[in-house]
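Raw run-v3.cif, mmCIF, C-alpha atoms and all ligand atoms:
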data_run
loop_
_atom_site.label_atom_id
_atom_site.label_comp_id
_atom_site.auth_asym_id
_atom_site.auth_seq_id
_atom_site.Cartn_x
_atom_site.Cartn_y
_atom_site.Cartn_z
CA MET A 1 187.39 75.81 375.85
CA ILE A 2 190.67 77.73 375.96
CA THR A 3 193.02 77.85 372.98
CA LEU A 4 196.59 79.13 372.83
CA GLY A 5 197.88 80.16 369.39
CA ILE A 6 201.45 80.74 368.22
CA GLU A 7 202.10 83.03 365.23
CA GLY A 8 205.46 82.84 363.45
CA THR A 9 205.15 83.33 359.69
CA ALA A 10 207.64 86.18 359.29
CA HIS A 11 209.01 88.97 361.51
CA THR A 12 206.61 88.56 364.44
CA LEU A 13 206.52 85.88 367.11
CA GLY A 14 203.13 86.18 368.77
CA VAL A 15 201.24 84.21 371.39
CA GLY A 16 197.52 84.66 371.95
CA ILE A 17 194.98 83.00 374.21
CA VAL A 18 191.23 83.03 373.50
CA ASP A 19 188.11 81.39 374.91
CA SER A 20 185.12 80.19 372.90
CA ASP A 21 183.08 83.33 373.68
CA HIS A 22 185.15 85.67 371.48
CA ASN A 23 187.22 86.87 374.46
CA VAL A 24 190.91 87.54 373.84
CA LEU A 25 192.60 86.71 377.15
CA ALA A 26 196.14 87.52 375.98
CA ASN A 27 197.84 88.76 372.82
CA GLU A 28 201.60 89.16 373.34
CA LEU A 29 204.22 89.59 370.65
CA ASP A 30 207.79 90.50 369.86
CA MET A 31 208.78 91.72 366.42
CA PHE A 32 212.19 91.15 364.87
CA ARG A 33 213.59 94.37 363.38
CA PRO A 34 216.72 93.88 361.27
CA LYS A 35 219.39 96.52 361.94
CA ASN A 36 219.96 97.05 358.25
CA GLY A 37 218.69 95.56 355.03
CA GLY A 38 215.61 93.40 354.68
CA LEU A 39 214.29 90.49 356.65
CA HIS A 40 216.63 87.49 356.60
CA PRO A 41 214.57 84.33 357.29
CA ARG A 42 217.32 82.65 359.37
CA GLU A 43 217.88 85.75 361.53
CA ALA A 44 214.15 86.17 362.09
CA ALA A 45 213.89 82.49 363.05
CA ASN A 46 216.77 82.85 365.53
CA HIS A 47 214.92 85.79 367.04
CA HIS A 48 211.79 83.65 367.41
CA VAL A 49 213.79 80.90 369.15
CA ASP A 50 215.17 83.48 371.58
CA VAL A 51 211.80 85.02 372.50
CA VAL A 52 209.21 82.23 372.21
CA SER A 53 209.39 81.01 375.83
CA ARG A 54 209.29 84.53 377.22
CA ILE A 55 206.30 85.52 375.05
CA MET A 56 204.42 82.37 376.06
CA GLN A 57 205.13 83.15 379.70
CA GLN A 58 203.92 86.73 379.15
CA ALA A 59 200.67 85.41 377.68
CA PHE A 60 200.15 83.21 380.75
CA ASP A 61 200.93 86.13 383.07
CA VAL A 62 198.54 88.52 381.30
CA SER A 63 195.69 85.98 381.19
CA GLY A 64 196.31 84.68 384.71
CA LEU A 65 196.22 81.15 383.26
CA LYS A 66 198.57 78.19 383.65
CA PRO A 67 199.70 75.72 380.96
CA LYS A 68 197.30 73.11 382.39
CA ASP A 69 194.35 75.45 381.64
CA ILE A 70 194.94 75.24 377.89
CA ASP A 71 192.63 72.83 376.04
CA VAL A 72 193.92 73.20 372.46
CA ILE A 73 197.10 74.59 370.90
CA SER A 74 197.24 76.06 367.39
CA PHE A 75 200.03 77.54 365.29
CA SER A 76 200.56 79.25 361.95
CA MET A 77 201.26 76.47 359.47
CA GLY A 78 201.81 78.84 356.51
CA PRO A 79 202.18 80.71 354.26
CA GLY A 80 205.44 82.26 355.36
CA LEU A 81 209.19 81.86 355.71
CA GLY A 82 210.26 78.24 356.30
CA PRO A 83 212.71 78.79 359.18
CA CYS A 84 210.22 81.03 361.03
CA LEU A 85 207.29 78.67 360.50
CA ARG A 86 209.40 75.80 361.89
CA VAL A 87 209.99 77.63 365.18
CA ALA A 88 206.27 78.20 365.81
CA ALA A 89 205.46 74.63 364.73
CA THR A 90 208.16 73.11 366.95
CA ALA A 91 207.07 75.12 369.98
CA ALA A 92 203.43 74.09 369.39
CA ARG A 93 204.29 70.40 368.95
CA ALA A 94 206.41 70.41 372.11
CA PHE A 95 203.58 72.02 374.10
CA SER A 96 201.02 69.61 372.65
CA CYS A 97 203.11 66.54 373.49
CA THR A 98 204.14 67.75 376.95
CA MET A 99 200.64 68.72 378.02
CA GLY A 100 198.86 65.94 376.10
CA ILE A 101 196.48 68.34 374.33
CA PRO A 102 195.28 68.50 370.69
CA ILE A 103 197.20 70.53 368.11
CA VAL A 104 195.74 72.37 365.10
CA GLY A 105 197.81 74.01 362.34
CA VAL A 106 196.05 76.99 360.74
CA ASN A 107 196.33 79.12 357.62
CA HIS A 108 197.67 82.57 358.50
CA CYS A 109 195.63 84.43 355.86
CA VAL A 110 192.36 82.80 356.89
CA ALA A 111 193.22 83.73 360.49
CA HIS A 112 193.38 87.41 359.46
CA VAL A 113 189.84 87.09 358.05
CA GLU A 114 188.37 85.20 360.97
CA ILE A 115 189.68 87.46 363.75
CA GLY A 116 188.22 90.43 361.85
CA ARG A 117 184.85 88.73 361.48
CA ALA A 118 184.79 87.74 365.13
CA LEU A 119 185.83 91.11 366.57
CA CYS A 120 183.93 93.38 364.16
CA GLY A 121 180.74 91.36 364.14
CA CYS A 122 180.38 91.38 360.37
CA ASP A 123 178.81 88.36 358.77
CA ASP A 124 179.90 87.76 355.21
CA PRO A 125 182.36 90.45 354.09
CA ALA A 126 184.71 90.85 351.18
CA LEU A 127 188.13 91.13 352.79
CA LEU A 128 190.91 93.38 351.65
CA TYR A 129 193.94 91.62 353.10
CA ALA A 130 196.85 94.00 352.78
CA SER A 131 200.01 92.95 354.57
CA GLY A 132 203.73 92.67 353.91
CA GLY A 133 203.77 89.48 351.91
CA ASN A 134 200.13 89.33 350.85
CA THR A 135 197.72 91.55 348.97
CA GLN A 136 194.46 89.80 348.20
CA VAL A 137 190.75 90.46 347.92
CA ILE A 138 189.06 87.44 349.49
CA ALA A 139 185.47 86.36 349.95
CA PHE A 140 183.64 83.25 351.09
CA ALA A 141 182.00 81.24 348.32
CA GLU A 142 181.00 77.59 348.19
CA GLY A 143 182.79 76.38 351.28
CA ARG A 144 186.09 78.18 350.89
CA TYR A 145 187.68 81.59 351.09
CA ARG A 146 188.31 82.38 347.43
CA ILE A 147 190.82 84.86 346.12
CA PHE A 148 189.10 87.24 343.72
CA GLY A 149 192.03 89.53 343.13
CA GLU A 150 195.66 89.72 344.21
CA THR A 151 199.01 91.29 343.52
CA GLN A 152 200.81 90.04 340.45
CA ASP A 153 204.22 90.95 341.81
CA ILE A 154 204.90 91.84 345.45
CA GLY A 155 202.72 92.49 348.48
CA ILE A 156 201.82 96.11 349.25
CA GLY A 157 203.71 96.13 352.57
CA ASN A 158 206.86 94.61 351.07
CA MET A 159 206.62 97.22 348.33
CA LEU A 160 206.45 100.01 350.94
CA ASP A 161 209.29 98.47 352.96
CA LYS A 162 211.56 97.91 349.98
CA LEU A 163 210.86 101.28 348.41
CA GLY A 164 211.26 102.93 351.80
CA ARG A 165 214.65 101.33 352.23
CA ASP A 166 215.76 102.54 348.79
CA LEU A 167 214.48 106.02 349.66
CA GLY A 168 216.45 105.95 352.93
CA MET A 169 213.55 105.54 355.37
CA GLY A 170 214.84 102.39 357.13
CA PHE A 171 213.06 99.07 357.56
CA TYR A 172 209.34 98.73 358.20
CA ALA A 173 208.58 101.82 356.19
CA GLY A 174 204.76 101.61 356.06
CA PRO A 175 204.25 103.83 359.12
CA THR A 176 206.97 106.24 357.90
CA PHE A 177 205.15 106.64 354.57
CA GLU A 178 201.97 107.42 356.49
CA LYS A 179 203.66 110.07 358.64
CA LEU A 180 205.52 111.73 355.75
CA ALA A 181 202.48 111.71 353.45
CA LYS A 182 200.62 113.94 355.94
CA GLU A 183 203.24 116.65 355.26
CA GLY A 184 203.09 116.13 351.48
CA LYS A 185 201.87 119.09 349.40
CA GLU A 186 201.91 118.02 345.78
CA TYR A 187 200.72 114.81 344.11
CA HIS A 188 202.96 113.43 341.35
CA GLU A 189 201.45 110.92 338.96
CA LEU A 190 202.73 107.34 339.32
CA PRO A 191 201.90 104.18 337.33
CA TYR A 192 198.43 102.98 338.30
CA SER A 193 198.41 99.29 337.53
CA VAL A 194 195.07 97.51 337.86
CA LYS A 195 194.22 94.52 335.70
CA GLY A 196 190.72 93.28 336.35
CA MET A 197 190.79 92.53 340.07
CA ASP A 198 194.58 92.24 340.24
CA VAL A 199 197.19 94.88 340.99
CA ALA A 200 200.93 95.26 340.40
CA PHE A 201 203.39 97.55 342.13
CA SER A 202 206.77 97.25 340.42
CA GLY A 203 206.18 100.11 337.95
CA LEU A 204 205.12 102.38 340.79
CA MET A 205 208.31 101.56 342.72
CA THR A 206 210.59 102.35 339.80
CA ALA A 207 208.76 105.60 339.08
CA ALA A 208 208.85 106.68 342.73
CA LEU A 209 212.64 106.26 342.78
CA ALA A 210 212.84 108.34 339.61
CA LEU A 211 210.92 111.12 341.43
CA GLN A 212 213.61 111.12 344.11
CA ARG A 213 216.33 111.51 341.49
CA LYS A 214 214.42 114.52 340.12
CA GLY A 215 214.60 116.11 343.57
CA VAL A 216 210.92 115.73 344.53
CA PRO A 217 210.65 116.05 348.35
CA LEU A 218 210.22 112.77 350.24
CA GLU A 219 206.92 113.99 351.69
CA ASP A 220 205.47 114.43 348.19
CA ILE A 221 206.77 111.03 347.11
CA ALA A 222 205.15 109.44 350.17
CA LEU A 223 201.87 111.22 349.42
CA SER A 224 201.95 110.14 345.77
CA VAL A 225 202.81 106.52 346.58
CA GLN A 226 200.05 106.26 349.19
CA GLU A 227 197.38 107.91 347.06
CA THR A 228 198.19 105.76 344.03
CA ALA A 229 198.69 102.40 345.73
CA TYR A 230 195.70 102.71 348.07
CA ALA A 231 193.43 103.89 345.25
CA MET A 232 194.41 100.76 343.33
CA LEU A 233 193.52 98.58 346.33
CA THR A 234 190.24 100.41 346.85
CA GLU A 235 189.28 100.02 343.18
CA VAL A 236 189.86 96.26 343.07
CA THR A 237 188.04 95.82 346.37
CA GLU A 238 185.04 97.69 344.99
CA ARG A 239 185.09 95.64 341.79
CA ALA A 240 185.16 92.42 343.78
CA MET A 241 182.28 93.59 346.00
CA ALA A 242 180.19 94.44 342.95
CA HIS A 243 181.07 91.19 341.24
CA ILE A 244 180.20 88.91 344.14
CA GLY A 245 177.44 91.05 345.59
CA LYS A 246 178.79 91.67 349.12
CA ASP A 247 177.66 94.69 351.11
CA GLU A 248 180.30 94.41 353.85
CA VAL A 249 184.02 95.02 353.50
CA LEU A 250 186.59 94.04 356.11
CA LEU A 251 190.19 95.23 356.27
CA GLY A 252 193.00 93.06 357.57
CA GLY A 253 196.79 92.71 357.50
CA GLY A 254 199.49 95.10 358.71
CA VAL A 255 198.86 97.75 356.06
CA ALA A 256 195.21 97.97 357.18
CA GLN A 257 196.56 99.98 360.13
CA ASN A 258 196.98 102.85 357.67
CA MET A 259 194.41 105.60 358.25
CA ARG A 260 194.45 106.86 354.67
CA LEU A 261 193.70 103.38 353.29
CA ARG A 262 190.88 103.00 355.82
CA GLU A 263 189.47 106.39 354.81
CA MET A 264 189.48 105.54 351.09
CA VAL A 265 187.83 102.16 351.60
CA ARG A 266 185.26 103.70 353.97
CA GLU A 267 184.33 106.35 351.39
CA MET A 268 183.99 103.71 348.70
CA ALA A 269 181.80 101.56 350.96
CA GLU A 270 179.58 104.48 351.94
CA ALA A 271 179.08 105.44 348.31
CA ARG A 272 177.87 101.88 347.62
CA GLY A 273 175.63 101.77 350.70
CA ALA A 274 177.94 99.12 352.17
CA GLU A 275 179.52 98.84 355.61
CA MET A 276 183.27 98.96 356.31
CA TYR A 277 184.85 97.12 359.25
CA CYS A 278 188.39 97.13 360.54
CA PRO A 279 189.69 95.50 363.71
CA ASP A 280 191.89 97.32 366.22
CA ARG A 281 195.50 97.73 365.04
CA ARG A 282 196.77 94.97 367.35
CA PHE A 283 194.62 92.50 365.44
CA CYS A 284 195.47 93.84 361.95
CA MET A 285 199.17 93.12 362.30
CA ASP A 286 200.48 89.58 362.70
CA ASN A 287 199.38 88.34 366.12
CA GLY A 288 198.88 85.17 368.13
CA ALA A 289 195.24 85.88 369.04
CA MET A 290 194.08 85.37 365.45
CA ILE A 291 195.91 82.03 365.28
CA ALA A 292 194.33 80.96 368.57
CA TRP A 293 190.94 82.17 367.35
CA LEU A 294 191.00 80.20 364.10
CA GLY A 295 192.43 77.13 365.87
CA SER A 296 189.53 77.29 368.31
CA GLU A 297 186.93 77.55 365.52
CA MET A 298 188.49 74.69 363.57
CA TYR A 299 188.72 72.44 366.61
CA GLU A 300 185.12 73.12 367.62
CA SER A 301 183.97 72.29 364.09
CA GLY A 302 185.62 68.88 364.36
CA VAL A 303 189.06 69.37 362.78
CA ARG A 304 191.66 67.01 364.31
CA MET A 305 195.33 66.68 363.45
CA ASP A 306 198.05 64.21 364.41
CA ILE A 307 201.57 65.50 364.90
CA ALA A 308 202.36 63.94 361.50
CA ASP A 309 199.75 66.27 359.89
CA THR A 310 201.41 69.41 361.24
CA GLU A 311 204.09 69.83 358.60
CA ILE A 312 204.55 73.50 357.65
CA ASN A 313 203.54 74.75 354.20
CA GLN A 314 205.41 77.83 352.99
CA ARG A 315 203.00 78.29 350.08
CA PHE A 316 199.77 77.50 351.91
CA ARG A 317 197.07 79.14 349.78
CA THR A 318 193.96 80.71 351.28
CA ASP A 319 191.68 78.65 349.03
CA GLU A 320 193.28 75.32 350.01
CA VAL A 321 191.49 75.45 353.37
CA GLU A 322 188.17 73.71 353.61
CA VAL A 323 186.05 75.98 355.78
CA THR A 324 184.31 73.63 358.19
CA TRP A 325 183.24 76.21 360.77
CA ARG A 326 180.89 78.31 358.61
CA SER A 327 177.59 77.29 357.13
P1 LIG A 401 201.83 88.49 356.10
O1 LIG A 401 202.63 87.31 356.60
O2 LIG A 401 200.38 88.36 356.40
O3 LIG A 401 202.11 88.83 354.70
P2 LIG A 401 203.50 90.39 357.40
O4 LIG A 401 204.44 89.36 357.89
O5 LIG A 401 204.02 91.30 356.41
O6 LIG A 401 202.19 89.71 357.00
P3 LIG A 401 201.92 92.26 358.97
O7 LIG A 401 202.16 92.59 360.41
O8 LIG A 401 200.57 91.75 358.59
O9 LIG A 401 203.06 91.25 358.65
O10 LIG A 401 202.25 93.52 358.08
C1 LIG A 401 203.47 94.20 358.12
C2 LIG A 401 203.48 95.26 357.06
O11 LIG A 401 202.58 96.31 357.40
C3 LIG A 401 204.84 95.89 356.85
O12 LIG A 401 205.15 95.84 355.49
C4 LIG A 401 204.65 97.34 357.32
O13 LIG A 401 205.44 98.29 356.62
C5 LIG A 401 203.16 97.55 357.07
N1 LIG A 401 202.59 98.60 357.89
C6 LIG A 401 202.56 98.68 359.25
N2 LIG A 401 201.98 99.83 359.65
C7 LIG A 401 201.63 100.50 358.52
C8 LIG A 401 200.99 101.76 358.26
N3 LIG A 401 200.62 102.57 359.24
N4 LIG A 401 200.81 102.11 356.97
C9 LIG A 401 201.18 101.30 355.96
N5 LIG A 401 201.78 100.12 356.14
C10 LIG A 401 202.00 99.71 357.40
FE FE2 A 402 200.00 88.63 358.30
#
Any chance you could give the structure as structure tokens?
Amino acid sequence: MITLGIEGTAHTLGVGIVDSDHNVLANELDMFRPKNGGLHPREAANHHVDVVSRIMQQAFDVSGLKPKDIDVISFSMGPGLGPCLRVAATAARAFSCTMGIPIVGVNHCVAHVEIGRALCGCDDPALLYASGGNTQVIAFAEGRYRIFGETQDIGIGNMLDKLGRDLGMGFYAGPTFEKLAKEGKEYHELPYSVKGMDVAFSGLMTAALALQRKGVPLEDIALSVQETAYAMLTEVTERAMAHIGKDEVLLGGGVAQNMRLREMVREMAEARGAEMYCPDRRFCMDNGAMIAWLGSEMYESGVRMDIADTEINQRFRTDEVEVTWRS
């Protein structure tokens, strides 16, 4: 069975194709990068409209497949930005109706977990899902992926992007923080905000801007922000692992591309005698392959949707999904 998946929750329009044997046959994407300021949902959606046909064609070219070879189509139903979600959903519905094939809408956050599990070969991990809009510690319990801890204000990636913009780094600042932090020499203390298994970042943002006003070099600010924020994430992940008794930890989401975060989580896991897993960067960031992958698993486990069931859900929570494909 071959599944094509369309991702379109935020800045990335991605198209992936997978088969049922864990093979990714294509994973093409195009990311919208605003020239200045943050991500405007309407502008990102217009970008997705412009590129969706080309990216689908690219996925067919890379895989050597034709539209008639596709058995199931899936798309990101939420959570995300309404206008962006509607583009992916509309493209998927059109393909489903034209080709007469089943359609499955999937939860974007659960897709991040499932692609990691499939590609890393871990069985029952606690997942640290660290992306732009989401920061959650998730684990499977009693038929659903449950959120054990999460951010109380903004997602880690949005924090990095917003702070980066205020510090003059330009949009999509996560990788810039990583590069600058390597040159950092001195750590400056920043608010470390952990409450149980939850985290919050607004105090850290304000304090980091205050460091800039005091003339602290950008490299040191980047180092201090990374060390503090990633230590917070590592601590809540460890607490969740201890609480629910998991000895595997999986990283996912765009911020999981960060080598310092990976290093901290790996050290924590090793100290607990646990195993850390992290998929290749291309599968950490938003991508179509993970949407195709989850669509394929859901379809094979018996999930069926009519076009009328494919309405987008901007606030689609991870724990709303009934997990039918795991025992
Ligand atoms: P979601 O919809 O799941 O919340 P998203 O739309 O933000 O995700 P992702 O591709 O999962 O998209 O993540 C993008 C985020 O990852 C951005 O905020 C970006 O700054 C951050 N990021 C990318 N690379 C790095 C890196 N090397 N270090 C830290 N952050 C990074
Ligand atoms: Fe994502």
**Q.** ligand LIG 401 (chain A) neighbours within 6 Å using only C-alpha atoms and all ligand atoms, as a list of chain:residue names
**A.**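 What falls inside 6 Å of ligand LIG 401 (chain A) is A:Thr9, A:Ala10, A:His11, A:Gly80, A:Ser131, A:Gly132, A:Gly133, A:Asn134, A:Gly157, A:Asn158, A:Asp161, A:Tyr172, A:Ala173, A:Gly174, A:Pro175, A:Glu178, A:Gly253, A:Gly254, A:Val255, A:Gln257, A:Asn258, A:Met285, A:Asp286.
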Which residues, written as a short mmCIF file (atom, residue, chain, number, x, y, z; two decimals) with C-alpha atoms, keeping the file's coordinate frame, have at least one atom at most 9 Å from Ala44 in chain A, with only C-alpha atoms counted and residues fewer than 5 positions away on the same chain left out?
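Contents of part-v7.cif, as written:
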data_model
loop_
_atom_site.label_atom_id
_atom_site.label_comp_id
_atom_site.auth_asym_id
_atom_site.auth_seq_id
_atom_site.Cartn_x
_atom_site.Cartn_y
_atom_site.Cartn_z
CA ALA A 10 207.64 86.18 359.29
CA HIS A 11 209.01 88.97 361.51
CA THR A 12 206.61 88.56 364.44
CA MET A 31 208.78 91.72 366.42
CA PHE A 32 212.19 91.15 364.87
CA ARG A 33 213.59 94.37 363.38
CA PRO A 34 216.72 93.88 361.27
CA LEU A 39 214.29 90.49 356.65
CA VAL A 49 213.79 80.90 369.15
CA PRO A 83 212.71 78.79 359.18
CA CYS A 84 210.22 81.03 361.03
#
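The list of residues with at least one atom within 6 Å of Glu248 in chain A, based on only C-alpha atoms and without residues fewer than 2 positions apart in the same chain, reads Pro125, Lys246, Ala274, Glu275 and Met276 of chain A.
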Between range 232-310 of chain A and range 18-27 of chain A, at 8 Å or less, what are the per-residue closest atom pairs and their distances in Å? Count only C-alpha atoms, order by chain and rising residue number, and return it as a Markdown table.
| residue | atom | partner | partner_atom | distance |
| --- | --- | --- | --- | --- |
| A:Asn287 | CA | A:Asn27 | CA | 6.9 |
| A:Gly288 | CA | A:Asn27 | CA | 6.0 |
| A:Ala289 | CA | A:Asn27 | CA | 5.4 |
| A:Ala292 | CA | A:Val18 | CA | 6.2 |
| A:Trp293 | CA | A:Val18 | CA | 6.2 |
| A:Ser296 | CA | A:Ser20 | CA | 7.0 |
Q. Which one of A:Lys35, A:Arg260, A:His47, A:His243 sits closest to Leu223 in chain A if you count all atoms listed in the file?
A.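 Of A:Lys35, A:Arg260, A:His47, A:His243, the one nearest Leu223 in chain A is A:Arg260, counting all atoms listed in the file.
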**Q.** Among listed residues A:Ile291, A:Glu219, A:Phe140, A:Met205, nearest Glu186 in chain A (using only C-alpha atoms)
**A.**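 Using only C-alpha atoms, the shortest distance to Glu186 in chain A belongs to A:Glu219.
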Q) Between CA of Leu167 in chain A and CA of Ala229 in chain A, what is the spacing in Å? A) 16.7 Å
**Q.** Surrounding residues of Thr318 in chain A excluding itself and chain neighbours under 5 positions, 7 Å, only C-alpha atoms, as a list in words
**A.** Asn107, Cys109, Val110 and Tyr145 of chain A
Q: Could you give me, as a PyMOL selection string, the residues within 9 Å of Cys120 in chain A, counting all atoms listed in the file and dropping anything in the same chain fewer than 6 positions from it?
A: chain A and resi 250+277-279
Q) Smallest atom-to-atom distance to Val265 in chain A: which of A:Val194, A:Leu128, A:Leu163, A:Met305, using only C-alpha atoms? A) A:Leu128
**Q.** Expected residue set, 9 Å radius at (186.7, 93.7, 341.4), all atoms listed in the file, as a PyMOL selection string
**A.** chain A and resi 137+148-149+196-198+235-244
**Q.** Distance criterion (only C-alpha atoms): nearest to Glu267 in chain A out of A:His48, A:Thr234, A:Arg282, A:Leu65
**A.** A:Thr234
Write out as an mmCIF file with C-alpha atoms, in the frame of the given file which residues come within 7 Å of Thr135 in chain A when counting all atoms listed in the file, dropping same-chain ones fewer than 4 positions away.
data_model
loop_
_atom_site.group_PDB
_atom_site.id
_atom_site.type_symbol
_atom_site.label_atom_id
_atom_site.label_comp_id
_atom_site.auth_asym_id
_atom_site.auth_seq_id
_atom_site.Cartn_x
_atom_site.Cartn_y
_atom_site.Cartn_z
ATOM 1 C CA TYR A 129 193.940 91.620 353.100
ATOM 2 C CA ALA A 130 196.850 94.000 352.780
ATOM 3 C CA SER A 131 200.010 92.950 354.570
ATOM 4 C CA GLU A 150 195.660 89.720 344.210
ATOM 5 C CA THR A 151 199.010 91.290 343.520
ATOM 6 C CA GLY A 155 202.720 92.490 348.480
ATOM 7 C CA ILE A 156 201.820 96.110 349.250
#
Write range 254-271 of chain A as a PDB file, in the frame of the given file, completed to N, CA, C and O atoms.
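Once everything was written out, this is part24.pdb:
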ATOM      1  N   GLY A 254     198.763  93.984 358.110  1.00  0.00           N
ATOM      2  CA  GLY A 254     199.490  95.100 358.710  1.00  0.00           C
ATOM      3  C   GLY A 254     199.230  96.451 358.067  1.00  0.00           C
ATOM      4  O   GLY A 254     199.170  97.483 358.755  1.00  0.00           O
ATOM      5  N   VAL A 255     199.050  96.475 356.745  1.00  0.00           N
ATOM      6  CA  VAL A 255     198.860  97.750 356.060  1.00  0.00           C
ATOM      7  C   VAL A 255     197.458  98.332 356.343  1.00  0.00           C
ATOM      8  O   VAL A 255     197.232  99.529 356.187  1.00  0.00           O
ATOM      9  N   ALA A 256     196.546  97.490 356.820  1.00  0.00           N
ATOM     10  CA  ALA A 256     195.210  97.970 357.180  1.00  0.00           C
ATOM     11  C   ALA A 256     195.253  98.885 358.408  1.00  0.00           C
ATOM     12  O   ALA A 256     194.254  99.513 358.761  1.00  0.00           O
ATOM     13  N   GLN A 257     196.425  99.002 359.041  1.00  0.00           N
ATOM     14  CA  GLN A 257     196.560  99.980 360.130  1.00  0.00           C
ATOM     15  C   GLN A 257     196.591 101.401 359.575  1.00  0.00           C
ATOM     16  O   GLN A 257     196.469 102.366 360.313  1.00  0.00           O
ATOM     17  N   ASN A 258     196.803 101.530 358.283  1.00  0.00           N
ATOM     18  CA  ASN A 258     196.980 102.850 357.670  1.00  0.00           C
ATOM     19  C   ASN A 258     195.656 103.614 357.589  1.00  0.00           C
ATOM     20  O   ASN A 258     194.674 103.133 357.025  1.00  0.00           O
ATOM     21  N   MET A 259     195.646 104.815 358.158  1.00  0.00           N
ATOM     22  CA  MET A 259     194.410 105.600 358.250  1.00  0.00           C
ATOM     23  C   MET A 259     193.934 106.092 356.893  1.00  0.00           C
ATOM     24  O   MET A 259     192.743 106.232 356.653  1.00  0.00           O
ATOM     25  N   ARG A 260     194.851 106.379 355.997  1.00  0.00           N
ATOM     26  CA  ARG A 260     194.450 106.860 354.670  1.00  0.00           C
ATOM     27  C   ARG A 260     193.771 105.728 353.882  1.00  0.00           C
ATOM     28  O   ARG A 260     192.760 105.948 353.216  1.00  0.00           O
ATOM     29  N   LEU A 261     194.329 104.515 353.975  1.00  0.00           N
ATOM     30  CA  LEU A 261     193.700 103.380 353.290  1.00  0.00           C
ATOM     31  C   LEU A 261     192.298 103.143 353.870  1.00  0.00           C
ATOM     32  O   LEU A 261     191.335 102.946 353.129  1.00  0.00           O
ATOM     33  N   ARG A 262     192.194 103.208 355.194  1.00  0.00           N
ATOM     34  CA  ARG A 262     190.880 103.000 355.820  1.00  0.00           C
ATOM     35  C   ARG A 262     189.873 104.034 355.318  1.00  0.00           C
ATOM     36  O   ARG A 262     188.720 103.720 355.037  1.00  0.00           O
ATOM     37  N   GLU A 263     190.348 105.301 355.236  1.00  0.00           N
ATOM     38  CA  GLU A 263     189.470 106.390 354.810  1.00  0.00           C
ATOM     39  C   GLU A 263     188.965 106.142 353.381  1.00  0.00           C
ATOM     40  O   GLU A 263     187.776 106.296 353.089  1.00  0.00           O
ATOM     41  N   MET A 264     189.891 105.763 352.487  1.00  0.00           N
ATOM     42  CA  MET A 264     189.480 105.540 351.090  1.00  0.00           C
ATOM     43  C   MET A 264     188.472 104.410 350.979  1.00  0.00           C
ATOM     44  O   MET A 264     187.487 104.517 350.257  1.00  0.00           O
ATOM     45  N   VAL A 265     188.735 103.310 351.693  1.00  0.00           N
ATOM     46  CA  VAL A 265     187.830 102.160 351.600  1.00  0.00           C
ATOM     47  C   VAL A 265     186.476 102.518 352.231  1.00  0.00           C
ATOM     48  O   VAL A 265     185.421 102.146 351.724  1.00  0.00           O
ATOM     49  N   ARG A 266     186.512 103.305 353.325  1.00  0.00           N
ATOM     50  CA  ARG A 266     185.260 103.700 353.970  1.00  0.00           C
ATOM     51  C   ARG A 266     184.413 104.546 353.019  1.00  0.00           C
ATOM     52  O   ARG A 266     183.213 104.329 352.868  1.00  0.00           O
ATOM     53  N   GLU A 267     185.068 105.502 352.338  1.00  0.00           N
ATOM     54  CA  GLU A 267     184.330 106.350 351.390  1.00  0.00           C
ATOM     55  C   GLU A 267     183.724 105.519 350.264  1.00  0.00           C
ATOM     56  O   GLU A 267     182.575 105.743 349.868  1.00  0.00           O
ATOM     57  N   MET A 268     184.490 104.565 349.769  1.00  0.00           N
ATOM     58  CA  MET A 268     183.990 103.710 348.700  1.00  0.00           C
ATOM     59  C   MET A 268     182.779 102.921 349.193  1.00  0.00           C
ATOM     60  O   MET A 268     181.748 102.832 348.528  1.00  0.00           O
ATOM     61  N   ALA A 269     182.895 102.372 350.417  1.00  0.00           N
ATOM     62  CA  ALA A 269     181.800 101.560 350.960  1.00  0.00           C
ATOM     63  C   ALA A 269     180.544 102.419 351.151  1.00  0.00           C
ATOM     64  O   ALA A 269     179.445 102.020 350.752  1.00  0.00           O
ATOM     65  N   GLU A 270     180.735 103.607 351.714  1.00  0.00           N
ATOM     66  CA  GLU A 270     179.580 104.480 351.940  1.00  0.00           C
ATOM     67  C   GLU A 270     178.877 104.816 350.641  1.00  0.00           C
ATOM     68  O   GLU A 270     177.654 104.811 350.552  1.00  0.00           O
ATOM     69  N   ALA A 271     179.661 105.090 349.604  1.00  0.00           N
ATOM     70  CA  ALA A 271     179.080 105.440 348.310  1.00  0.00           C
ATOM     71  C   ALA A 271     178.268 104.284 347.729  1.00  0.00           C
ATOM     72  O   ALA A 271     177.349 104.495 346.946  1.00  0.00           O
TER      73      ALA A 271
END
